[in-house]
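Asker: Encoded as C-alpha cells, here's the structure I'll be asking about.
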Amino acid sequence: MANSNSSPLYERLEHKSTMHKVMEFIILFLLLSLLVYRLLSFSNHGFAWLVAFLCELWFTLYWVITISTKWSFVEYKTYPDRLLQRMAEHELPPVDMFVTTADSELEPPIITINTVLSLLAVDYPTEKLACYVSDDGCSLLTFYSLVEASKFAKLWVPFCKKYNVQVRAPFRYFNNDAVPSSNNSGEFKQEWKTMKVIVQMMQLTRKIEDAVGKSIPFDLSEDFSLFSNIERNNHPTIIKVVLDKENGHSNGLPHLVYISREKRPKHSHHSKAGAMNVLTRVSALMTNAPFMLNVDCDMFANNPSVVLHAMCILLGSNENQNEIAFAQFPQLFYDGLKDDPFGNQMTVIWKYVGHGIQGIQGIFYAGTGCFHRRQVIYGLSPNNVKFGERNLEKADGKLGNQELLKTFGNSKELIKSAADALRGETKCPSMLLKSIEAAAYQVASCEYEYGTNWGKKVGWMYGSTTEDILTGLSIHNRGWKSIYCTPDRPAFLGCTPAGGPASMTQQKRWATGLLEVLLSKNCPIFGTVFAHLQFRQCLAYLWIFTWGLRSLPETCYAALPAYSIITNAHIFPKAQELAYYIPIALFVTTNIYNISMYIHSGLSIRAWWNNQKMGRITTMSAWLFGVFGIALKLSGISETVFEVTKKDQSSSTEKGTEAGRFTFDESPMFLPPTTILLLHLTALASALFGLQPPAHDGLGSGRLEVAGSVCLVLCLWPFLKGLFGSGKYGIPLSTILKSAGLALMFCILCRS
C-alpha cells in the first residue's frame, strides 16, 4: 500500500473519444465541401449566394475553433482524505470566502443567507475560515437577515458536523418534511425534530419573509441605525463584524463580516468587479488568507468537503504552486426544470468544453465557485514568484515605495498586508482593532482606487460587464494555468433564471461583456502575441468571446430559406446535383453528434431539442442585442449597463404546471425572432398556395429550402405559441405589429 504522504493529492486523467473526433472531422469535411461547391457555382448566382457563402465560411471557422477547444479532454480527480493524512488541521491554510449580492429584490436575502450558512458549515477548521458578504444594494433587509442567520448558525453548524449532514444549506435540507433516512439513530431523529433545530429554522424563515413583507418594524437602534436614510447609490461605507472568533461569541464558527462599500453618484463603482476588489482589500486587513473563494449569493456549498477538494489542487505539489492560479468548480443548478426547457443549465458545455479547455492552459474563470490564490490576484506571475521579496523589506510600514503605492494605494496597513501575502506569510491583527477598522473603511471608500492599479493590473479587472472571464484572461496572459475540479458530489448548486425575459437578460449581459473584451486591448490575440497565452487557449477564448458575433451570420442564414421561397430562387443544391446530399449529410451528422453528447451526459433527446431551440432563439435575440449594445458603446451613444439577473428561489414543484413555459414582455429583444417566424410562415404559405413568382432560371426553391424553413419554425415554436398566447405567455401586440411591419418590408424588398 502506498504511503499517503507520497500519494498525489489529485490525478490527471485523459479521456479519448475516437468516435466523437471522427464525427468532428466528418462535419468539418462536409462544411469545406459545401464551401467548395459555393465557390464553384458563384458565377451562376447572385447576392443571396454570397451571403450564404460568407455565413457558411463563418460556421466552418467557428467549427475549427470548437474542435480545438474540445480536443484535449482532461479530468482531475482529487483525494481530500490524502490531504488530511498529509497535513494536520492546524497546518491547513486559511481561506477567505466571499459572497456577493447586489439587489435585495432581485436576489432575495433568504437565498443569500442560505449560501452563507452552507459556507459556515463546510468541513474545514473554523479558525481557518472567514466569510465576507458584500451587499452592493446597501439593504437593511440583507443585513438584518445576516444577523438572524448568524444566530441560527450557532445551532445549524454543530448539527451538520455532528451528524455529517451532506446538504448544509438549511432551506434546501429542510425542503422535505420527512426525516432523512440516512441516519436511523433515535438521537438524530429526536434532535432533527426538536424545536432547537426545526422551530429555530422555521422562525428564521418566517422572520425574514415577514421582513420582506414589511410586517414587522426594524429596531433602528444600535447597528441598524446605520441604514436610516440610506440611498442605494449614495451612502457611506458600512462594515460590521457579525461573528468574530476572537470575541468569544462565535461558538466555534468562522468569522462573518458584512460589507457595503461607499457609493457616490459621480463615482464609477465598476459593478461586481469593484465589489470583489473591496472584499479583497478589506479581507486583506482582517484575515489576509492566502486563498479566496468567491460565490454568487445563490450558489450554496453542496459538498461539505469543497474546500478540501480545492486545497488538493492548490497544494498538490511545489511545482503545482508555481503553475496553478485558481481552481474552478462547475456552475450547476438545483431544482432545474426537466429537460432544460430554457437551455440555460449548460450541462453539456461544462462537460465537453470545460474538460477540453482543461487540456490546454485551463478552464475559464466563471465568476462563482472559484478558489483563487491571493498572490495571483495581487498580480504575481509564475515566473516571478520572488516578487514578494523585491523591495518589500524596505517598504514595510513605509509609504515611500512608489511601486507599492501605485499598485495597492496609500493605505499603510494594506501595503504591509500585501507585502506579507506576496511573501507567502499570513499575519493579521485583531479585526476589532480601531486602526484596522479605520483602514478597512479607508480601502472601501469610492475614491481609494484612483491613481492605483486596482482593476488594471491587480484585483478583478475593469472594462467589461463580464469581469470574471476578463480577470481569468489576465491571469492566463501572465502564464498561469487553472484547473477544472469536478468532484463526484457537485461542489456548488445555484438557481437558473426562469422564463424568457430573465434568461434573455442574462444572455445579453454575457454577449455584451464578452464583446467588450474581444474589441479591446484585452483581446486574447494580443495575449498570445505579446504575453504568455498559449495559441490554443487563445482559440478557446475566441470560442466564447465571439458568442455575440455569431448572431449576425446565424440571423442572416435563418432568413435565407424564407428569402429563397418568397423569391422562388434556390440557395441550396438542387436534387439533380451530387452536392444535393452535402447539406443533408451535414444536418444528419451534426445532429447525431450533438445527440450523442447529450446522451453521454445523462440527458434526454428532449433536452437536446430544447437546447437547440433556445440556441436559435438566444442567438437571434439576446446575443444580437448584445452586438447592438456594443455598437452603441463604440459610437459613443450609450454605455453598457450591468444588469442583475433575478434569482428565483421557488423549487420546480412549487412553480406548478406552468413551469417551463416561455414567457414574454415588452423587451425589443423578442422582435427579431418574431420577425423571422412571421417571415417563414409567410414563405411557407406562399409556397403552399402557389403565390411564388416564376423562377428566373427555371430552378426555383426546392425541398431543401422548404425543409430549412420548417426547421426554423419548429425552433421558434415557443414564439409560434406566443402569437396565440395571452398574458405573460403571449407576445405583446406591439411586438407582433412591429414584427409584421418588418416582415412585410422584407417581402417587398425581396420581390423588388
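Quick note on naming: the chains in the C-alpha cells go A, B, ... in the order shown, residues restart at 1 in each chain, and ligands are numbered from 1 in order of appearance.
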Tell me, which residues of stretch 470-710 of chain A carry DSSP alpha helix (DSSP H), written as a ChimeraX atom specification?
Answerer: /A:470-477,499-518,524-530,535-545,551-567,581-600,605-618,624-634,671-688,703-710
Asker: Leaving out A:Trp480 and any residue of its chain fewer than 3 positions from it, which residues lie within 10 Å of it when counting only C-alpha atoms, given as a ChimeraX atom specification?
Answerer: /A:322-326,361-362,376,380-383,472-477,532-533
Asker: Which is closest to A:Gln166 among A:Arg38, A:Arg86, A:Arg489, A:His355, if we use only C-alpha atoms?
Answerer: A:Arg489
Asker: Can you pull out the residues contacting A:Ile571? Cut-off 9 Å, using only C-alpha atoms, and skip same-chain residues under 3 positions away; I want them as a list in words.
Answerer: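 Result of the neighbour search: His45, Ala48, Trp49, Ala52, Leu560, Pro561, Ser564, Lys574, Ser701, Leu704 and Glu705 of chain A.
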Asker: By how many Å are atom CA of A:Arg550 and atom CA of A:Ala502 apart?
Answerer: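 These atoms are spaced 20.9 Å apart.
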Asker: So that I can check the surroundings of stretch 456-471 of chain A, please list as a ChimeraX atom specification every protein, DNA and RNA residue that reaches within 7 Å of it, counting only C-alpha atoms and ignoring chain neighbours fewer than 5 positions away.
Answerer: /A:270,273,276-277,364-367,377-379,509-510,513-514,516-517,642
